[in-house]
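*Asks:* Attaching a single structure in structure tokens format; questions to follow.
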Amino acid sequence: DLSRTLALPQTSLKRYFALLQAMFLVQLLPPWSRSLGQRIIQTPKVYLNDTGLLAYLLGLTIERLKGDWGLAGGVLENFVLMELHKQSSWSETQPGLFCWRTASGREVDLVLEDRAGRVVGLEVKASATLGGNDIRGLQALATAAGSKWVRGVVLYTGTQVIPFGPNLHGVPLPQLWSTHG
């Protein structure tokens, strides 16, 4: 789609992305798939390594965010991915980081998979409240992952841990840095 929009050959676009990656400006998050039979959209998601630069390029200011808090969602997701990328580099597990989207529209922001194939799904919400719709993608991923499913987490800007079921919780964003929680 981007190639068509920019009227740029796909080969050139791929070379530009490779250059941006080599300069540590962007990161491509590959899609996760367990079964070849599933209809998974095989397009990686693109993230900027510098969330401050992303906010600047989007023209985000405190005033603009106060008027439309929805703008913060993508920036917050980008920030969480970059934090998990850093933390995964020194963790014992060193999980692979992926995205997950189906042709039917189900998606999960981040999928972490360890070397044993165990899967954790992570959604990021720039909201202080959560509801049943916020876990639908995680439920679909749990079904797709089958016995390899470990848990699903919705990181959000609220203050309470919210149980949605076995191995499925809403968790306050600061828990991302907690060593005991």
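Identifiers in this document derive from the order of the structure tokens: chains are assigned A, B, ..., residues are numbered from 1 separately in each chain, and ligands are numbered from 1 in order of occurrence.
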Using DSSP on the backbone, list every residue of range 8-168 of chain A that comes out as strand (DSSP E), and give them as number ranges by chain.
*Replies:* A: 26-29, 45-48, 96-101, 107-113, 119-124, 149-156, 162-165, 168
*Asks:* Could you name the residues that touch Gly96 in chain A at 7 Å or less, counting only C-alpha atoms, but leaving out those on the same chain fewer than 2 positions away, as an MDAnalysis selection string?
*Replies:* chainID A and resid 94 98 112:114
*Asks:* Using the selection just defined, write its residues with C-alpha atoms as an mmCIF file, in the first residue's frame.
*Replies:*
```cif
data_model
loop_
_atom_site.group_PDB
_atom_site.id
_atom_site.type_symbol
_atom_site.label_atom_id
_atom_site.label_comp_id
_atom_site.auth_asym_id
_atom_site.auth_seq_id
_atom_site.Cartn_x
_atom_site.Cartn_y
_atom_site.Cartn_z
ATOM 1 C CA GLN A 94 14.928 -13.195 25.347
ATOM 2 C CA PHE A 98 5.919 -9.868 16.874
ATOM 3 C CA LEU A 112 6.145 -12.308 22.769
ATOM 4 C CA GLU A 113 7.314 -15.843 22.002
ATOM 5 C CA ASP A 114 10.141 -17.644 23.772
#
```
*Asks:* Skipping near chain neighbours, those fewer than 6 positions away, what residues fall within 12 Å of Arg115 in chain A using only C-alpha atoms, listed as a PyMOL selection string?
*Replies:* chain A and resi 92-97+148
*Asks:* May I have the selected residues written with C-alpha atoms, as a PDB file, in the first residue's frame?
*Replies:*
```
ATOM      1  CA  GLU A  92      16.970 -14.669  30.431  1.00  0.00           C
ATOM      2  CA  THR A  93      14.003 -15.544  28.210  1.00  0.00           C
ATOM      3  CA  GLN A  94      14.928 -13.195  25.347  1.00  0.00           C
ATOM      4  CA  PRO A  95      11.549 -13.528  23.638  1.00  0.00           C
ATOM      5  CA  GLY A  96      10.963 -12.710  20.018  1.00  0.00           C
ATOM      6  CA  LEU A  97       8.677  -9.706  19.472  1.00  0.00           C
ATOM      7  CA  LYS A 148       1.429 -22.631  23.823  1.00  0.00           C
TER       8      LYS A 148
END
```
*Asks:* Would you mind listing what lies within 7 Å of range 55-62 of chain A as a count of residues only, with only C-alpha atoms counted and same-chain residues fewer than 4 positions away left out?
*Replies:* 3
*Asks:* Residues within 9 Å of Val154 in chain A, please, as a list in words. Count only C-alpha atoms; anything in the same chain fewer than 6 positions from it doesn't count.
*Replies:*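 Contacts, in chain order: Gly121, Leu122, Glu123, Val124, Lys125, Leu130, Asp134, Ile135, Leu138, Leu168, His169, Gly170, Val171, Pro172 and Leu173 of chain A.
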*Asks:* Near Gln27 in chain A, within 7 Å and counting only C-alpha atoms, which residues show up once chain neighbours fewer than 3 positions away are dropped, as a PDB file with N, CA, C and O atoms, in the first residue's frame?
*Replies:*
```
ATOM      1  N   GLN A  21      16.559   1.067   9.092  1.00  0.00           N
ATOM      2  CA  GLN A  21      16.870   0.103  10.139  1.00  0.00           C
ATOM      3  C   GLN A  21      18.359   0.125  10.471  1.00  0.00           C
ATOM      4  O   GLN A  21      18.734   0.085  11.642  1.00  0.00           O
ATOM      5  N   VAL A  46       5.621  -1.001  11.458  1.00  0.00           N
ATOM      6  CA  VAL A  46       6.811  -0.151  11.510  1.00  0.00           C
ATOM      7  C   VAL A  46       6.745   0.722  12.748  1.00  0.00           C
ATOM      8  O   VAL A  46       5.708   1.335  13.035  1.00  0.00           O
ATOM      9  N   TYR A  47       7.839   0.775  13.487  1.00  0.00           N
ATOM     10  CA  TYR A  47       7.938   1.604  14.687  1.00  0.00           C
ATOM     11  C   TYR A  47       9.184   2.468  14.603  1.00  0.00           C
ATOM     12  O   TYR A  47      10.227   2.009  14.119  1.00  0.00           O
ATOM     13  N   LEU A  48       9.074   3.688  15.099  1.00  0.00           N
ATOM     14  CA  LEU A  48      10.259   4.536  15.222  1.00  0.00           C
ATOM     15  C   LEU A  48      10.949   4.198  16.532  1.00  0.00           C
ATOM     16  O   LEU A  48      10.290   4.026  17.560  1.00  0.00           O
ATOM     17  N   ASN A  49      12.266   4.110  16.521  1.00  0.00           N
ATOM     18  CA  ASN A  49      13.015   3.789  17.736  1.00  0.00           C
ATOM     19  C   ASN A  49      12.979   4.916  18.757  1.00  0.00           C
ATOM     20  O   ASN A  49      13.214   4.688  19.933  1.00  0.00           O
TER      21      ASN A  49
END
```
*Asks:* Between A:Val120, A:Leu71, A:Gly137, A:Asp50, single out the one closest to Thr102 in chain A, counting only C-alpha atoms.
*Replies:*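 Using only C-alpha atoms, Thr102 in chain A sits closest to A:Gly137.
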*Asks:* Skip Leu141 in chain A itself and residues of its chain fewer than 2 positions away, then list as a PyMOL selection string all residues within 8 Å of it, counting only C-alpha atoms.
*Replies:* chain A and resi 100+107-108+121+137-139+143-145
*Asks:* Which residue gives the smallest distance to Thr157 in chain A among A:Ala126, A:Leu25, A:Leu176, A:Ala116, with only C-alpha atoms counted?
*Replies:*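 Going through A:Ala126, A:Leu25, A:Leu176, A:Ala116 one by one, the smallest distance to Thr157 in chain A is for A:Ala126.
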